[in-house]
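Source file: run.tsv; contents: TSV, C-alpha atoms.
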chain	number	residue	atom	x	y	z
A	1	GLY	CA	0.00	0.00	0.00
A	2	ALA	CA	0.89	3.66	-0.17
A	3	VAL	CA	3.45	4.78	2.43
A	4	VAL	CA	3.99	8.26	3.74
A	5	SER	CA	6.88	9.06	6.02
A	6	GLN	CA	7.62	12.04	8.22
A	7	HIS	CA	10.89	13.26	9.62
A	8	PRO	CA	11.66	13.82	12.39
A	9	SER	CA	9.23	11.81	14.46
A	10	ARG	CA	9.93	13.93	17.49
A	11	VAL	CA	11.65	17.27	17.94
A	12	ILE	CA	12.32	19.49	20.92
A	13	CYS	CA	13.45	23.04	20.30
A	14	LYS	CA	13.93	26.30	22.12
A	15	SER	CA	11.48	29.14	21.84
A	16	GLY	CA	12.29	31.46	18.97
A	17	THR	CA	13.93	28.86	16.75
A	18	SER	CA	12.53	27.45	13.52
A	19	VAL	CA	11.77	23.80	12.92
A	20	LYS	CA	11.37	22.01	9.59
A	21	ILE	CA	9.27	18.87	9.24
A	22	GLU	CA	9.47	16.72	6.12
A	23	CYS	CA	6.71	14.65	4.60
A	24	ARG	CA	7.51	12.14	1.88
A	25	SER	CA	5.41	9.82	-0.23
A	26	LEU	CA	7.64	6.79	-0.63
A	27	ASP	CA	5.99	4.75	-3.36
A	28	PHE	CA	3.66	7.07	-5.19
A	29	GLN	CA	3.53	10.57	-6.57
A	30	ALA	CA	1.56	12.94	-4.40
A	31	THR	CA	-0.09	15.66	-6.37
A	32	THR	CA	-1.56	17.07	-3.18
A	33	MET	CA	-0.24	17.06	0.35
A	34	PHE	CA	-2.01	18.17	3.49
A	35	TRP	CA	-0.77	19.34	6.86
A	36	TYR	CA	-2.79	18.76	10.00
A	37	ARG	CA	-2.33	19.70	13.60
A	38	GLN	CA	-3.61	17.64	16.48
A	39	PHE	CA	-3.75	18.83	20.07
A	40	PRO	CA	-3.82	16.23	22.88
A	41	LYS	CA	-7.04	14.25	22.95
A	42	GLN	CA	-8.47	16.29	20.12
A	43	SER	CA	-9.20	15.74	16.48
A	44	LEU	CA	-7.09	16.66	13.50
A	45	MET	CA	-7.41	20.20	12.24
A	46	LEU	CA	-6.45	20.87	8.64
A	47	MET	CA	-3.86	23.63	8.46
A	48	ALA	CA	-3.14	23.83	4.75
A	49	THR	CA	-3.32	22.08	1.42
A	50	SER	CA	-0.46	22.17	-1.03
A	51	ASN	CA	-0.25	21.13	-4.66
A	52	GLU	CA	3.10	20.40	-6.20
A	53	GLY	CA	4.63	23.52	-7.63
A	54	SER	CA	1.94	25.84	-6.28
A	55	LYS	CA	1.52	27.98	-3.22
A	56	ALA	CA	-0.21	26.34	-0.31
A	57	THR	CA	-3.80	27.13	0.54
A	58	TYR	CA	-4.17	27.85	4.23
A	59	GLU	CA	-7.25	27.28	6.33
A	60	GLN	CA	-8.83	30.20	8.08
A	61	GLY	CA	-6.94	31.19	11.20
A	62	VAL	CA	-3.64	29.60	10.18
A	63	GLU	CA	-0.81	32.09	9.80
A	64	LYS	CA	0.96	31.45	6.53
A	65	ASP	CA	4.03	33.41	7.62
A	66	LYS	CA	4.24	31.30	10.74
A	67	PHE	CA	3.79	27.94	9.06
A	68	LEU	CA	5.73	27.89	5.81
A	69	ILE	CA	4.84	25.08	3.46
A	70	ASN	CA	6.86	24.04	0.45
A	71	HIS	CA	5.84	21.32	-1.99
A	72	ALA	CA	8.72	21.35	-4.41
A	73	SER	CA	8.38	17.84	-5.78
A	74	LEU	CA	5.77	15.13	-6.19
A	75	THR	CA	7.20	13.20	-3.28
A	76	LEU	CA	8.21	15.84	-0.75
A	77	SER	CA	6.51	18.59	1.20
A	78	THR	CA	7.98	20.50	4.11
A	79	LEU	CA	6.39	22.43	6.94
A	80	THR	CA	8.56	24.99	8.68
A	81	VAL	CA	7.37	26.39	11.99
A	82	THR	CA	9.08	29.75	12.20
A	83	SER	CA	9.98	31.42	15.48
A	84	ALA	CA	8.36	28.61	17.40
A	85	HIS	CA	6.73	29.27	20.76
A	86	PRO	CA	5.41	26.89	23.42
A	87	GLU	CA	1.86	27.25	22.09
A	88	ASP	CA	3.07	25.74	18.81
A	89	SER	CA	3.79	22.49	20.61
A	90	SER	CA	1.57	19.90	19.02
A	91	PHE	CA	1.41	16.74	16.95
A	92	TYR	CA	1.77	17.58	13.25
A	93	ILE	CA	0.53	15.04	10.74
A	94	CYS	CA	0.87	15.18	6.99
A	95	SER	CA	-1.06	13.26	4.38
A	96	ALA	CA	-0.49	12.73	0.69
A	97	LYS	CA	-2.81	12.02	-2.17
A	98	GLY	CA	-2.32	10.94	-5.75
A	99	THR	CA	-4.56	12.06	-8.56
A	100	TYR	CA	-7.47	9.79	-7.78
A	101	ASP	CA	-6.57	8.21	-4.48
A	102	THR	CA	-7.68	8.89	-1.00
A	103	GLN	CA	-5.32	10.48	1.49
A	104	TYR	CA	-2.56	8.44	3.10
A	105	PHE	CA	-1.31	9.71	6.42
A	106	GLY	CA	2.17	9.96	7.80
A	107	PRO	CA	3.07	8.77	11.32
A	108	GLY	CA	3.17	12.31	12.69
A	109	THR	CA	5.80	14.56	14.24
A	110	ARG	CA	5.59	15.61	17.86
A	111	LEU	CA	6.93	19.11	18.34
A	112	THR	CA	7.77	20.38	21.81
A	113	VAL	CA	8.84	23.99	22.17
A	114	LEU	CA	10.54	24.85	25.44
B	1	GLY	CA	-21.50	24.06	7.78
B	2	GLU	CA	-19.56	20.84	7.87
B	3	ASP	CA	-19.52	18.98	11.15
B	4	VAL	CA	-18.85	15.43	12.22
B	5	GLU	CA	-19.80	14.23	15.69
B	6	GLN	CA	-18.89	11.14	17.65
B	7	SER	CA	-19.13	10.00	21.23
B	8	LEU	CA	-15.80	10.32	23.00
B	9	PHE	CA	-15.50	6.95	24.72
B	10	LEU	CA	-16.54	3.35	24.28
B	11	SER	CA	-15.63	0.41	26.48
B	12	VAL	CA	-16.31	-3.17	25.43
B	13	ARG	CA	-15.43	-6.60	26.68
B	14	GLU	CA	-12.85	-8.57	24.75
B	15	GLY	CA	-14.57	-10.84	22.24
B	16	ASP	CA	-17.72	-8.72	22.04
B	17	SER	CA	-18.65	-6.50	19.11
B	18	SER	CA	-17.86	-2.78	19.21
B	19	VAL	CA	-20.15	-0.31	17.50
B	20	ILE	CA	-18.88	3.21	17.03
B	21	ASN	CA	-21.39	5.76	15.83
B	22	CYS	CA	-21.00	9.00	13.96
B	23	THR	CA	-23.30	11.69	12.62
B	24	TYR	CA	-22.44	14.19	9.95
B	25	THR	CA	-24.12	17.28	8.63
B	26	ASP	CA	-23.27	17.46	4.95
B	27	SER	CA	-25.70	15.12	3.25
B	28	SER	CA	-23.95	15.51	-0.09
B	29	SER	CA	-20.60	14.19	1.13
B	30	THR	CA	-19.16	11.82	-1.43
B	31	TYR	CA	-16.90	9.71	0.78
B	32	LEU	CA	-17.15	8.72	4.42
B	33	TYR	CA	-14.18	7.25	6.24
B	34	TRP	CA	-13.11	5.45	9.37
B	35	TYR	CA	-9.56	5.96	10.56
B	36	LYS	CA	-7.73	4.34	13.45
B	37	GLN	CA	-5.07	6.09	15.51
B	38	GLU	CA	-2.96	4.21	18.00
B	39	PRO	CA	-1.14	6.15	20.77
B	40	GLY	CA	1.53	8.45	19.43
B	41	ALA	CA	0.99	7.34	15.85
B	42	GLY	CA	-0.50	8.68	12.67
B	43	LEU	CA	-3.81	7.71	11.15
B	44	GLN	CA	-4.49	4.40	9.52
B	45	LEU	CA	-7.32	4.26	7.01
B	46	LEU	CA	-9.52	1.35	8.06
B	47	THR	CA	-12.23	1.58	5.49
B	48	TYR	CA	-14.32	4.01	3.51
B	49	ILE	CA	-17.70	3.97	1.89
B	50	PHE	CA	-19.14	5.83	-1.04
B	51	SER	CA	-22.26	7.81	-0.33
B	52	ASN	CA	-24.30	5.66	-2.72
B	53	MET	CA	-23.64	2.53	-0.64
B	54	ASP	CA	-25.55	1.34	2.42
B	55	MET	CA	-23.10	-1.17	3.78
B	56	LYS	CA	-19.57	-2.34	3.35
B	57	GLN	CA	-17.95	-5.33	5.04
B	58	ASP	CA	-14.27	-6.10	5.26
B	59	GLN	CA	-13.31	-9.04	7.49
B	60	ARG	CA	-14.18	-7.99	11.06
B	61	LEU	CA	-15.27	-4.51	10.03
B	62	THR	CA	-18.77	-3.57	8.93
B	63	VAL	CA	-19.71	-0.04	7.95
B	64	LEU	CA	-23.34	0.99	7.82
B	65	LEU	CA	-24.49	4.22	6.24
B	66	ASN	CA	-27.91	5.75	6.77
B	67	LYS	CA	-28.03	8.72	4.45
B	68	LYS	CA	-31.47	9.77	5.52
B	69	ASP	CA	-30.36	10.18	9.13
B	70	LYS	CA	-26.78	11.15	8.18
B	71	HIS	CA	-25.54	8.39	10.42
B	72	LEU	CA	-22.45	6.24	9.94
B	73	SER	CA	-21.40	3.35	12.11
B	74	LEU	CA	-18.42	1.05	12.38
B	75	ARG	CA	-18.87	-2.40	13.83
B	76	ILE	CA	-15.82	-4.37	14.91
B	77	ALA	CA	-16.62	-8.03	15.43
B	78	ASP	CA	-14.77	-10.12	18.04
B	79	THR	CA	-13.00	-7.09	19.51
B	80	GLN	CA	-9.41	-7.74	20.53
B	81	THR	CA	-6.95	-5.86	22.73
B	82	GLY	CA	-5.15	-4.72	19.60
B	83	ASP	CA	-8.27	-2.82	18.62
B	84	SER	CA	-7.70	-0.35	21.46
B	85	ALA	CA	-7.25	2.99	19.76
B	86	ILE	CA	-9.02	6.19	18.80
B	87	TYR	CA	-11.37	5.84	15.87
B	88	PHE	CA	-12.10	8.87	13.73
B	89	CYS	CA	-15.10	9.23	11.51
B	90	ALA	CA	-14.53	11.59	8.60
B	91	GLU	CA	-16.35	12.96	5.60
B	92	SER	CA	-15.25	14.40	2.33
B	93	PRO	CA	-17.43	17.31	1.23
B	94	PRO	CA	-18.68	17.35	-2.36
B	95	GLY	CA	-16.57	18.97	-5.00
B	96	SER	CA	-13.41	18.20	-3.11
B	97	SER	CA	-12.54	15.03	-5.07
B	98	ALA	CA	-11.74	13.40	-1.74
B	99	SER	CA	-9.22	16.14	-1.09
B	100	LYS	CA	-10.56	17.90	1.95
B	101	ILE	CA	-11.45	15.65	4.86
B	102	ILE	CA	-13.40	16.78	7.90
B	103	PHE	CA	-12.70	14.71	11.00
B	104	GLY	CA	-14.86	13.98	13.97
B	105	SER	CA	-13.52	14.31	17.48
B	106	GLY	CA	-12.62	10.64	17.69
B	107	THR	CA	-13.95	7.80	19.84
B	108	ARG	CA	-11.53	6.21	22.26
B	109	LEU	CA	-12.17	2.47	22.31
B	110	SER	CA	-10.96	0.58	25.36
B	111	ILE	CA	-11.11	-3.17	25.78
B	112	ARG	CA	-11.72	-4.81	29.13
B	113	PRO	CA	-10.90	-8.43	29.85

Encoded form (structure tokens):
Amino acid sequence: GAVVSQHPSRVICKSGTSVKIECRSLDFQATTMFWYRQFPKQSLMLMATSNEGSKATYEQGVEKDKFLINHASLTLSTLTVTSAHPEDSSFYICSAKGTYDTQYFGPGTRLTVL
Amino acid sequence: GEDVEQSLFLSVREGDSSVINCTYTDSSSTYLYWYKQEPGAGLQLLTYIFSNMDMKQDQRLTVLLNKKDKHLSLRIADTQTGDSAIYFCAESPPGSSASKIIFGSGTRLSIRP
């Protein structure tokens, strides 16, 4: 089946630093990738949708300058949390979708900002 | 607007059937999904159903869709300890080509001996 990986799986950083999270589709080409955020014991909230080679579309309330998304190839998307603060601590999950497929989810990245 | 609701907790005895229920608001949703999330992990797609279907069965999993009542259920037969997880119901609004997925709050399934 389709496999999506994320790197790193866990990251701890100091307040004010930037953190990059990678999302890769390992065995298929992902025309669209999605970034979600999940707070403890809560559901997934869609942050943004990105199509390869295009600017990401952000959901209402998500700061695009804070959460930079790049989808430079059909197998890689990155999410950079800029100037991270403790309130950005969360579980970030990406998903990837081919042209006609459903979304396949990555294992998630737990970000802790001290 | 789009909304998906689930009960937060369900506890069943090992070997019994688990039934997780979900209601959604967008009657024109094209796809409805069930995902499983184990602690600290991402989401695993368990099954999905097209809106023109009433039922789908896959081994121990049975999905029932009542479009009139906008009600979706997931039945897990012979529930095992490995089924302990959070189960998310999700819908894909029309026109999204299964791109945008709206998740419910998740139901935490616990298994008792």

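Between Pro39 (chain B) and the residues A:Gln60, A:Phe105, A:Lys41, A:Lys66, the shortest atom-to-atom distance, using all atoms listed in the file, involves A:Lys41.
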
Please identify all polymer residues within 8 Å of Tyr58 (chain A), counting all atoms listed in the file, omitting same-chain residues fewer than 5 positions from it, and present them as an mmCIF file with C-alpha atoms, in the coordinates of the input.
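Now in result12.cif:
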data_model
loop_
_atom_site.group_PDB
_atom_site.id
_atom_site.type_symbol
_atom_site.label_atom_id
_atom_site.label_comp_id
_atom_site.auth_asym_id
_atom_site.auth_seq_id
_atom_site.Cartn_x
_atom_site.Cartn_y
_atom_site.Cartn_z
ATOM 1 C CA MET A 47 -3.860 23.630 8.460
ATOM 2 C CA ALA A 48 -3.140 23.830 4.750
ATOM 3 C CA THR A 49 -3.320 22.080 1.420
ATOM 4 C CA GLU A 63 -0.810 32.090 9.800
ATOM 5 C CA LYS A 64 0.960 31.450 6.530
#

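Counting from CA of Ser73 (chain A), the distance to CA of Gln103 (chain A) is 17.2 Å.
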
* Give me, as a PyMOL selection string, the contact residues of chain B against chain A at a cut-off of 12 Å, counting all atoms listed in the file. => chain B and resi 4-6+8-9+30-33+35-50+85-92+96-108

For the residues selected in the previous step, produce a file with C-alpha atoms as a PDB file, in the frame of the given file.
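Writing done, so here's selection35.pdb:
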ATOM      1  CA  VAL B   4     -18.850  15.430  12.220  1.00  0.00           C
ATOM      2  CA  GLU B   5     -19.800  14.230  15.690  1.00  0.00           C
ATOM      3  CA  GLN B   6     -18.890  11.140  17.650  1.00  0.00           C
ATOM      4  CA  LEU B   8     -15.800  10.320  23.000  1.00  0.00           C
ATOM      5  CA  PHE B   9     -15.500   6.950  24.720  1.00  0.00           C
ATOM      6  CA  THR B  30     -19.160  11.820  -1.430  1.00  0.00           C
ATOM      7  CA  TYR B  31     -16.900   9.710   0.780  1.00  0.00           C
ATOM      8  CA  LEU B  32     -17.150   8.720   4.420  1.00  0.00           C
ATOM      9  CA  TYR B  33     -14.180   7.250   6.240  1.00  0.00           C
ATOM     10  CA  TYR B  35      -9.560   5.960  10.560  1.00  0.00           C
ATOM     11  CA  LYS B  36      -7.730   4.340  13.450  1.00  0.00           C
ATOM     12  CA  GLN B  37      -5.070   6.090  15.510  1.00  0.00           C
ATOM     13  CA  GLU B  38      -2.960   4.210  18.000  1.00  0.00           C
ATOM     14  CA  PRO B  39      -1.140   6.150  20.770  1.00  0.00           C
ATOM     15  CA  GLY B  40       1.530   8.450  19.430  1.00  0.00           C
ATOM     16  CA  ALA B  41       0.990   7.340  15.850  1.00  0.00           C
ATOM     17  CA  GLY B  42      -0.500   8.680  12.670  1.00  0.00           C
ATOM     18  CA  LEU B  43      -3.810   7.710  11.150  1.00  0.00           C
ATOM     19  CA  GLN B  44      -4.490   4.400   9.520  1.00  0.00           C
ATOM     20  CA  LEU B  45      -7.320   4.260   7.010  1.00  0.00           C
ATOM     21  CA  LEU B  46      -9.520   1.350   8.060  1.00  0.00           C
ATOM     22  CA  THR B  47     -12.230   1.580   5.490  1.00  0.00           C
ATOM     23  CA  TYR B  48     -14.320   4.010   3.510  1.00  0.00           C
ATOM     24  CA  ILE B  49     -17.700   3.970   1.890  1.00  0.00           C
ATOM     25  CA  PHE B  50     -19.140   5.830  -1.040  1.00  0.00           C
ATOM     26  CA  ALA B  85      -7.250   2.990  19.760  1.00  0.00           C
ATOM     27  CA  ILE B  86      -9.020   6.190  18.800  1.00  0.00           C
ATOM     28  CA  TYR B  87     -11.370   5.840  15.870  1.00  0.00           C
ATOM     29  CA  PHE B  88     -12.100   8.870  13.730  1.00  0.00           C
ATOM     30  CA  CYS B  89     -15.100   9.230  11.510  1.00  0.00           C
ATOM     31  CA  ALA B  90     -14.530  11.590   8.600  1.00  0.00           C
ATOM     32  CA  GLU B  91     -16.350  12.960   5.600  1.00  0.00           C
ATOM     33  CA  SER B  92     -15.250  14.400   2.330  1.00  0.00           C
ATOM     34  CA  SER B  96     -13.410  18.200  -3.110  1.00  0.00           C
ATOM     35  CA  SER B  97     -12.540  15.030  -5.070  1.00  0.00           C
ATOM     36  CA  ALA B  98     -11.740  13.400  -1.740  1.00  0.00           C
ATOM     37  CA  SER B  99      -9.220  16.140  -1.090  1.00  0.00           C
ATOM     38  CA  LYS B 100     -10.560  17.900   1.950  1.00  0.00           C
ATOM     39  CA  ILE B 101     -11.450  15.650   4.860  1.00  0.00           C
ATOM     40  CA  ILE B 102     -13.400  16.780   7.900  1.00  0.00           C
ATOM     41  CA  PHE B 103     -12.700  14.710  11.000  1.00  0.00           C
ATOM     42  CA  GLY B 104     -14.860  13.980  13.970  1.00  0.00           C
ATOM     43  CA  SER B 105     -13.520  14.310  17.480  1.00  0.00           C
ATOM     44  CA  GLY B 106     -12.620  10.640  17.690  1.00  0.00           C
ATOM     45  CA  THR B 107     -13.950   7.800  19.840  1.00  0.00           C
ATOM     46  CA  ARG B 108     -11.530   6.210  22.260  1.00  0.00           C
TER      47      ARG B 108
END

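From CA of Gly53 (chain A) back to CA of Leu26 (chain A), the distance works out to 18.4 Å.
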
* Protein, DNA and RNA residues within 6 Å of (-12.6, -4.0, 25.2), only C-alpha atoms, as a ChimeraX atom specification -> /B:11-14,110-112

Specify the axis-aligned box that encloses all atoms of region 20-36 of chain A listed in the file after padding of 4 Å on each side, stating its centre and edge lengths in Å to one decimal as AutoDock Vina command-line options.
--center_x 4.3 --center_y 13.4 --center_z 1.7 --size_x 22.2 --size_y 25.3 --size_z 24.6

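The coordinates place CA of Ser90 (chain A) at 22.4 Å from CA of Leu109 (chain B).
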
* **Of the listed residues A:His71, A:Lys55, A:His85, A:Arg37, that which approaches Ser15 (chain A) most closely, counting all atoms listed in the file** => A:His85

* Asked: Of the candidates A:Trp35, A:Lys14, A:Phe28, A:Glu22, which shows the shortest atom-to-atom distance to Glu59 (chain A), using all atoms listed in the file?
  -> A:Trp35

* Nearest to His7 (chain A) by atom-to-atom distance, counting all atoms listed in the file, from A:Phe39, A:Glu87, A:Ile69, A:Ser77 -> A:Ser77

Where atoms are lacking, region 22-33 of chain A completed to N, CA, C and O atoms, as a CSV table (one decimal), in the coordinates of the input:
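As written to disk, out.csv reads:
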chain,number,residue,atom,x,y,z
A,22,GLU,N,9.6,17.2,7.5
A,22,GLU,CA,9.5,16.7,6.1
A,22,GLU,C,8.4,15.7,6.0
A,22,GLU,O,8.2,14.9,6.9
A,23,CYS,N,7.7,15.7,4.9
A,23,CYS,CA,6.7,14.6,4.6
A,23,CYS,C,7.0,14.1,3.2
A,23,CYS,O,7.1,14.8,2.2
A,24,ARG,N,7.2,12.8,3.1
A,24,ARG,CA,7.5,12.1,1.9
A,24,ARG,C,6.5,11.0,1.5
A,24,ARG,O,6.2,10.2,2.4
A,25,SER,N,6.1,11.0,0.3
A,25,SER,CA,5.4,9.8,-0.2
A,25,SER,C,6.4,8.9,-0.8
A,25,SER,O,7.2,9.3,-1.7
A,26,LEU,N,6.5,7.7,-0.3
A,26,LEU,CA,7.6,6.8,-0.6
A,26,LEU,C,7.4,6.0,-1.9
A,26,LEU,O,8.4,5.6,-2.6
A,27,ASP,N,6.2,5.6,-2.2
A,27,ASP,CA,6.0,4.8,-3.4
A,27,ASP,C,4.9,5.2,-4.3
A,27,ASP,O,4.4,4.5,-5.1
A,28,PHE,N,4.6,6.5,-4.2
A,28,PHE,CA,3.7,7.1,-5.2
A,28,PHE,C,3.9,8.6,-5.3
A,28,PHE,O,4.6,9.2,-4.5
A,29,GLN,N,3.4,9.1,-6.4
A,29,GLN,CA,3.5,10.6,-6.6
A,29,GLN,C,2.3,11.3,-6.0
A,29,GLN,O,1.2,11.0,-6.3
A,30,ALA,N,2.6,12.2,-5.1
A,30,ALA,CA,1.6,12.9,-4.4
A,30,ALA,C,1.3,14.3,-5.1
A,30,ALA,O,2.1,15.2,-4.9
A,31,THR,N,0.2,14.4,-5.8
A,31,THR,CA,-0.1,15.7,-6.4
A,31,THR,C,-0.5,16.7,-5.3
A,31,THR,O,-0.4,17.9,-5.5
A,32,THR,N,-1.1,16.2,-4.2
A,32,THR,CA,-1.6,17.1,-3.2
A,32,THR,C,-1.1,16.5,-1.8
A,32,THR,O,-1.1,15.3,-1.6
A,33,MET,N,-0.6,17.4,-1.0
A,33,MET,CA,-0.2,17.1,0.4
A,33,MET,C,-1.0,18.0,1.3
A,33,MET,O,-1.2,19.1,1.0
